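Peer 1: Sharing a structure with you now.
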Amino acid sequence: MNGPDYYIPAAALGIALVFKLPGLLRDWRDPLLRSVCALLLLAGSTFFFAAPPTIAEVNRITGVANFSAPLVYCILSAFSASCLVLLVNWRGGPPEQTQEISRRWVIAYLVVVVALVVLFLLGDAPVERLRDLDTYYATTPYIREMIVLYLTAHTVAGVGTTALCWRWSLKVHGWLRTGLVIIVAGSLFNLGYGISKFTAVFARWAGLDQDGLSTLLAPPLASMGALLSAVGFILPLVAQRLADSWTTWATYRRLGTLWREVSTVVPEGSHSVRISLWSSPDLRVTQRESDIHDGMLHLDPYFDPALRASAHTAAVVAGADPRQARAIADAAMVAAALRARAADPEGRVISSAQAYTSEAAEGPRDLVRMSLALRHSPLVEAARGSADRSESGTL
């Protein structure tokens with residue numbers, strides 16, 4: 001593998017991190033979001049610092065032959081820890097227990113990182129090796145232990161992640177299961193990396209030469225493993241975010257009919273404050289619902305409980321379920337009230353004891369169902385026609 005083989009995935013992971021940073025800045029206390037960002041940062045750093053051109057440049061800048069070795073091993077160990085910590089936070093559970101397990105993994109791998117640095121300082125690796133340091137120094141005191149330690153830590157994380165994700169995937173469905181299966185595949189590639197490296201190192205100990213397993217086979221396995229693991233962790237979160245956004249936008253769109261109808265009765269200048277084009281879908285839905293409630297308050301004097309009761313009965317007879325029947329009845333009452341308000345441009349109708357104000361007693365109105373009924377229900381259209389005929393008769 002050459003420089004671009006490392007830098008391209010590093011750039012891709014960096015772009016994904018950039019898109020995640022605004023959310024992290026808004027809610028930096030969220031342990032799951034912090035874990036995702038840490039994993040993206042460490043995965044991208046692993047690719048960047050493991051690239052042979054970067055290895056050579058780091059060694060040149062520091063003036064220490066093979067300084068990149070412990071640096072890459074430490075980053076790789078931190079990436080292994082981030083996978084385990086993210087998995088713990090992702091799976092959830094009691095916050096105290098989740099924090100305690102995460103803390104243990106972090107401490108364990110922090111000890112590994114410190115030990116890697118100490119072993120490198122104790123060892124002697126004067127000849128720079130950009131691609132085959134593991135096998136070249138496989139028999140060198142302290143450097144040998146450093147190599148075995150980082151491979152062991154990486155393999156333990158791979159085994160743990162594989163076992164946990166596989167058991168969890170058997171209990172869930174949808175995007176979560178897809179993500180877990182992808183993580184399992186990535187972990188298997190990581191295990192393949194560890195096995196290849198261990199085999200090459202053990203072969204050196206036995207006086208054999210299997211360096212190709214370390215220099216040719218292991219790097220692409222590690223690259224694929226890191227990418228699959230990152231994708232597996234991110235995919236369900238992104239998919240859920242997109243699904244939530246889609247649902248919110250659908251709600252916003254479905255409220256449109258009711259919002260446009262009742263907004264006509266709100267006096268000029270009393271509308272809610274305009275929101276920016278970059279406002280979130282949730283904020284847009286909230287504002288639209290607020291506008292609808294404002295319009296309903298202005299229509300309250302024109303609500304006809306008897307008409308609502310009649311429309312409710314007709315909806316039940318037509319086979320509507322309780323929620324749908326109530327939404328149709330409310331929509332019919334709103335449609336008739338809009339006609340009554342239009343026929344009273346001076347606003348002479350005032351609220352009376354019979355004014356319809358029982359929303360709290362019956363529970364909140366289903367604004368989305370009301371909006372759909374206002375647009376599609378024949379009973380609502382009949383209420384409009386009845387109101388028009390009534391107004392014409394009055395005139």
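Every chain in the structure tokens takes a letter, A first, then B, and so on in the order presented; its residues are numbered from 1, and the ligands are numbered from 1 following the presented order.
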Show me, as a short mmCIF file (atom, residue, chain, number, x, y, z; two decimals) with C-alpha atoms, in the first residue's frame, the residues that have an atom within 10 Å of Ala203 (chain A) when counting only C-alpha atoms, minus same-chain residues fewer than 6 positions from it.

Peer 2:
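Resulting contents of around00.cif:
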```cif
data_model
loop_
_atom_site.label_atom_id
_atom_site.label_comp_id
_atom_site.auth_asym_id
_atom_site.auth_seq_id
_atom_site.Cartn_x
_atom_site.Cartn_y
_atom_site.Cartn_z
CA THR A 135 9.52 -8.31 11.58
CA ALA A 138 10.93 -9.02 16.09
CA LYS A 197 1.34 -9.88 12.08
CA ASP A 209 10.84 -15.62 6.80
CA GLN A 210 7.14 -14.87 6.45
CA ASP A 211 7.57 -11.11 6.23
#
```

Peer 1: With a distance cut-off of 12 Å and only C-alpha atoms, select the neighbouring residues of Val64 (chain A), excluding the residue or stretch itself and same-chain residues fewer than 3 positions from it, and output the selection as a PyMOL selection string.

Peer 2: chain A and resi 55-61+67-71+120-121+124-129

Peer 1: Please, which residues of region 164-329 of chain A, numbered as in this document, come out helix (DSSP H, G or I) from DSSP, as a ChimeraX atom specification?

Peer 2: /A:164-169,174-205,211-254,256-263,281-302,305-317,322-329

Peer 1: Show which residues sit within 12 Å of Trp175 (chain A), as a count of residues only. Count only C-alpha atoms, and ignore same-chain residues fewer than 6 positions away.

Peer 2: 16

Peer 1: List every residue of region 165-279 of chain A that has an atom at most 12 Å from any atom of region 333-346 of chain A, giving for each one its closest atom pair and the distance in Å to one decimal, counting only C-alpha atoms, sorted by chain and then by ascending residue number, as JSON lines.

Peer 2:
```
{"residue": "A:Thr257", "atom": "CA", "partner": "A:Ala335", "partner_atom": "CA", "distance": 11.3}
{"residue": "A:Leu258", "atom": "CA", "partner": "A:Val334", "partner_atom": "CA", "distance": 9.0}
{"residue": "A:Trp259", "atom": "CA", "partner": "A:Val334", "partner_atom": "CA", "distance": 11.5}
{"residue": "A:Arg260", "atom": "CA", "partner": "A:Leu338", "partner_atom": "CA", "distance": 11.5}
{"residue": "A:Glu261", "atom": "CA", "partner": "A:Leu338", "partner_atom": "CA", "distance": 7.8}
{"residue": "A:Val262", "atom": "CA", "partner": "A:Leu338", "partner_atom": "CA", "distance": 7.4}
{"residue": "A:Ser263", "atom": "CA", "partner": "A:Leu338", "partner_atom": "CA", "distance": 10.3}
{"residue": "A:Thr264", "atom": "CA", "partner": "A:Leu338", "partner_atom": "CA", "distance": 8.8}
{"residue": "A:Val265", "atom": "CA", "partner": "A:Arg341", "partner_atom": "CA", "distance": 7.7}
{"residue": "A:Val266", "atom": "CA", "partner": "A:Arg341", "partner_atom": "CA", "distance": 11.0}
{"residue": "A:Pro267", "atom": "CA", "partner": "A:Pro345", "partner_atom": "CA", "distance": 11.7}
```

Peer 1: For the residues in that selection, give me N, CA, C and O atoms as a PDB file, in the first residue's frame.

Peer 2:
```pdb
ATOM      1  N   THR A 257     -51.822  22.127   5.163  1.00  0.00           N
ATOM      2  CA  THR A 257     -53.205  22.500   4.843  1.00  0.00           C
ATOM      3  C   THR A 257     -53.876  23.214   6.008  1.00  0.00           C
ATOM      4  O   THR A 257     -54.467  24.294   5.850  1.00  0.00           O
ATOM      5  N   LEU A 258     -53.788  22.623   7.185  1.00  0.00           N
ATOM      6  CA  LEU A 258     -54.404  23.231   8.371  1.00  0.00           C
ATOM      7  C   LEU A 258     -53.757  24.573   8.679  1.00  0.00           C
ATOM      8  O   LEU A 258     -54.448  25.547   9.023  1.00  0.00           O
ATOM      9  N   TRP A 259     -52.442  24.641   8.563  1.00  0.00           N
ATOM     10  CA  TRP A 259     -51.719  25.888   8.859  1.00  0.00           C
ATOM     11  C   TRP A 259     -52.157  27.008   7.913  1.00  0.00           C
ATOM     12  O   TRP A 259     -52.414  28.137   8.344  1.00  0.00           O
ATOM     13  N   ARG A 260     -52.238  26.700   6.623  1.00  0.00           N
ATOM     14  CA  ARG A 260     -52.633  27.741   5.655  1.00  0.00           C
ATOM     15  C   ARG A 260     -54.067  28.189   5.887  1.00  0.00           C
ATOM     16  O   ARG A 260     -54.379  29.383   5.728  1.00  0.00           O
ATOM     17  N   GLU A 261     -54.940  27.265   6.262  1.00  0.00           N
ATOM     18  CA  GLU A 261     -56.347  27.617   6.480  1.00  0.00           C
ATOM     19  C   GLU A 261     -56.510  28.539   7.691  1.00  0.00           C
ATOM     20  O   GLU A 261     -57.133  29.601   7.600  1.00  0.00           O
ATOM     21  N   VAL A 262     -55.963  28.123   8.833  1.00  0.00           N
ATOM     22  CA  VAL A 262     -56.225  28.880  10.062  1.00  0.00           C
ATOM     23  C   VAL A 262     -55.382  30.141  10.142  1.00  0.00           C
ATOM     24  O   VAL A 262     -55.727  31.071  10.889  1.00  0.00           O
ATOM     25  N   SER A 263     -54.285  30.209   9.394  1.00  0.00           N
ATOM     26  CA  SER A 263     -53.452  31.414   9.436  1.00  0.00           C
ATOM     27  C   SER A 263     -54.180  32.620   8.864  1.00  0.00           C
ATOM     28  O   SER A 263     -53.828  33.770   9.164  1.00  0.00           O
ATOM     29  N   THR A 264     -55.205  32.390   8.045  1.00  0.00           N
ATOM     30  CA  THR A 264     -55.921  33.510   7.422  1.00  0.00           C
ATOM     31  C   THR A 264     -56.730  34.317   8.428  1.00  0.00           C
ATOM     32  O   THR A 264     -57.109  35.460   8.132  1.00  0.00           O
ATOM     33  N   VAL A 265     -57.001  33.721   9.603  1.00  0.00           N
ATOM     34  CA  VAL A 265     -57.819  34.434  10.579  1.00  0.00           C
ATOM     35  C   VAL A 265     -56.979  35.147  11.628  1.00  0.00           C
ATOM     36  O   VAL A 265     -57.521  35.868  12.478  1.00  0.00           O
ATOM     37  N   VAL A 266     -55.672  34.965  11.584  1.00  0.00           N
ATOM     38  CA  VAL A 266     -54.801  35.615  12.559  1.00  0.00           C
ATOM     39  C   VAL A 266     -54.541  37.040  12.111  1.00  0.00           C
ATOM     40  O   VAL A 266     -54.150  37.268  10.956  1.00  0.00           O
ATOM     41  N   PRO A 267     -54.778  38.040  12.958  1.00  0.00           N
ATOM     42  CA  PRO A 267     -54.577  39.440  12.571  1.00  0.00           C
ATOM     43  C   PRO A 267     -53.154  39.703  12.108  1.00  0.00           C
ATOM     44  O   PRO A 267     -52.195  39.089  12.593  1.00  0.00           O
TER      45      PRO A 267
END
```

Peer 1: For Ser371 (chain A), list every protein, DNA or RNA residue within 10 Å, evaluated using only C-alpha atoms, and leave out those in the same chain fewer than 4 positions away; present the list as a PyMOL selection string.

Peer 2: chain A and resi 253-261+327-328+330-331+366-367+375-377

Peer 1: List as a PyMOL selection string the protein and nucleic acid residues near region 143-152 of chain A, meaning an atom at most 6 Å away when only C-alpha atoms are counted, but skip any in the same chain fewer than 2 places from it.

Peer 2: chain A and resi 116+119-120+123+138-141+154-155+194

Peer 1: For the selection you just gave me, I'd like the residues written to a file as a PDB file, in the first residue's frame, keeping all heavy atoms.

Peer 2:
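Contents of the output file result-v6.pdb:
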```
ATOM      1  N   LEU A 116       3.833   1.048  25.875  1.00  0.00           N
ATOM      2  CA  LEU A 116       4.429   1.078  24.538  1.00  0.00           C
ATOM      3  C   LEU A 116       5.543   2.116  24.458  1.00  0.00           C
ATOM      4  O   LEU A 116       6.617   1.849  23.894  1.00  0.00           O
ATOM      5  CB  LEU A 116       3.351   1.390  23.489  1.00  0.00           C
ATOM      6  CG  LEU A 116       2.307   0.295  23.221  1.00  0.00           C
ATOM      7  CD1 LEU A 116       1.210   0.831  22.305  1.00  0.00           C
ATOM      8  CD2 LEU A 116       2.953  -0.939  22.608  1.00  0.00           C
ATOM      9  N   LEU A 119       8.599   0.911  26.588  1.00  0.00           N
ATOM     10  CA  LEU A 119       9.332  -0.173  25.925  1.00  0.00           C
ATOM     11  C   LEU A 119      10.149   0.355  24.748  1.00  0.00           C
ATOM     12  O   LEU A 119      11.283  -0.102  24.515  1.00  0.00           O
ATOM     13  CB  LEU A 119       8.350  -1.250  25.453  1.00  0.00           C
ATOM     14  CG  LEU A 119       7.705  -2.085  26.561  1.00  0.00           C
ATOM     15  CD1 LEU A 119       6.584  -2.940  26.006  1.00  0.00           C
ATOM     16  CD2 LEU A 119       8.752  -2.963  27.252  1.00  0.00           C
ATOM     17  N   PHE A 120       9.607   1.312  24.006  1.00  0.00           N
ATOM     18  CA  PHE A 120      10.376   1.880  22.900  1.00  0.00           C
ATOM     19  C   PHE A 120      11.603   2.622  23.418  1.00  0.00           C
ATOM     20  O   PHE A 120      12.701   2.525  22.825  1.00  0.00           O
ATOM     21  CB  PHE A 120       9.483   2.817  22.089  1.00  0.00           C
ATOM     22  CG  PHE A 120      10.208   3.479  20.938  1.00  0.00           C
ATOM     23  CD1 PHE A 120      10.478   2.778  19.780  1.00  0.00           C
ATOM     24  CD2 PHE A 120      10.632   4.805  21.029  1.00  0.00           C
ATOM     25  CE1 PHE A 120      11.149   3.385  18.719  1.00  0.00           C
ATOM     26  CE2 PHE A 120      11.300   5.413  19.974  1.00  0.00           C
ATOM     27  CZ  PHE A 120      11.558   4.705  18.815  1.00  0.00           C
ATOM     28  N   GLY A 123      14.217   0.127  24.417  1.00  0.00           N
ATOM     29  CA  GLY A 123      14.771  -0.657  23.321  1.00  0.00           C
ATOM     30  C   GLY A 123      15.746   0.134  22.467  1.00  0.00           C
ATOM     31  O   GLY A 123      15.996   1.323  22.691  1.00  0.00           O
ATOM     32  N   ALA A 138      11.723  -8.020  15.369  1.00  0.00           N
ATOM     33  CA  ALA A 138      10.932  -9.024  16.091  1.00  0.00           C
ATOM     34  C   ALA A 138      11.712  -9.716  17.199  1.00  0.00           C
ATOM     35  O   ALA A 138      11.116 -10.268  18.134  1.00  0.00           O
ATOM     36  CB  ALA A 138      10.385 -10.064  15.119  1.00  0.00           C
ATOM     37  N   THR A 139      13.012  -9.707  17.118  1.00  0.00           N
ATOM     38  CA  THR A 139      13.826 -10.382  18.139  1.00  0.00           C
ATOM     39  C   THR A 139      14.641  -9.403  18.983  1.00  0.00           C
ATOM     40  O   THR A 139      15.467  -9.827  19.798  1.00  0.00           O
ATOM     41  CB  THR A 139      14.775 -11.389  17.465  1.00  0.00           C
ATOM     42  OG1 THR A 139      15.606 -10.695  16.517  1.00  0.00           O
ATOM     43  CG2 THR A 139      13.992 -12.485  16.747  1.00  0.00           C
ATOM     44  N   THR A 140      14.404  -8.100  18.795  1.00  0.00           N
ATOM     45  CA  THR A 140      15.150  -7.091  19.553  1.00  0.00           C
ATOM     46  C   THR A 140      14.516  -6.888  20.932  1.00  0.00           C
ATOM     47  O   THR A 140      13.311  -6.663  21.027  1.00  0.00           O
ATOM     48  CB  THR A 140      15.159  -5.748  18.793  1.00  0.00           C
ATOM     49  OG1 THR A 140      15.731  -5.938  17.504  1.00  0.00           O
ATOM     50  CG2 THR A 140      15.945  -4.703  19.559  1.00  0.00           C
ATOM     51  N   PRO A 141      15.319  -6.983  22.002  1.00  0.00           N
ATOM     52  CA  PRO A 141      14.752  -6.807  23.352  1.00  0.00           C
ATOM     53  C   PRO A 141      13.984  -5.489  23.481  1.00  0.00           C
ATOM     54  O   PRO A 141      14.381  -4.470  22.911  1.00  0.00           O
ATOM     55  CB  PRO A 141      15.992  -6.834  24.254  1.00  0.00           C
ATOM     56  CG  PRO A 141      16.993  -7.629  23.490  1.00  0.00           C
ATOM     57  CD  PRO A 141      16.765  -7.291  22.043  1.00  0.00           C
ATOM     58  N   HIS A 154      -4.609  -4.885  20.313  1.00  0.00           N
ATOM     59  CA  HIS A 154      -5.468  -4.752  19.133  1.00  0.00           C
ATOM     60  C   HIS A 154      -6.321  -6.003  18.926  1.00  0.00           C
ATOM     61  O   HIS A 154      -7.511  -5.914  18.602  1.00  0.00           O
ATOM     62  CB  HIS A 154      -4.588  -4.517  17.904  1.00  0.00           C
ATOM     63  CG  HIS A 154      -5.358  -4.230  16.651  1.00  0.00           C
ATOM     64  ND1 HIS A 154      -6.131  -3.104  16.486  1.00  0.00           N
ATOM     65  CD2 HIS A 154      -5.476  -4.940  15.488  1.00  0.00           C
ATOM     66  CE1 HIS A 154      -6.690  -3.119  15.291  1.00  0.00           C
ATOM     67  NE2 HIS A 154      -6.319  -4.226  14.663  1.00  0.00           N
ATOM     68  N   THR A 155      -5.729  -7.167  19.161  1.00  0.00           N
ATOM     69  CA  THR A 155      -6.457  -8.425  18.982  1.00  0.00           C
ATOM     70  C   THR A 155      -7.539  -8.591  20.039  1.00  0.00           C
ATOM     71  O   THR A 155      -8.651  -9.050  19.742  1.00  0.00           O
ATOM     72  CB  THR A 155      -5.487  -9.615  19.025  1.00  0.00           C
ATOM     73  OG1 THR A 155      -4.479  -9.440  18.010  1.00  0.00           O
ATOM     74  CG2 THR A 155      -6.215 -10.925  18.791  1.00  0.00           C
ATOM     75  N   GLY A 194      -4.177  -8.897  12.934  1.00  0.00           N
ATOM     76  CA  GLY A 194      -3.398  -9.358  14.079  1.00  0.00           C
ATOM     77  C   GLY A 194      -2.792 -10.738  13.847  1.00  0.00           C
ATOM     78  O   GLY A 194      -1.623 -10.978  14.186  1.00  0.00           O
TER      79      GLY A 194
END
```

Peer 1: So, with only C-alpha atoms as the atoms that count, which of A:Val285, A:Leu299, A:Leu221, A:Ala320 lies closest to Thr248 (chain A)?

Peer 2: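 Nearest candidate to Thr248 (chain A) out of A:Val285, A:Leu299, A:Leu221, A:Ala320: A:Val285.
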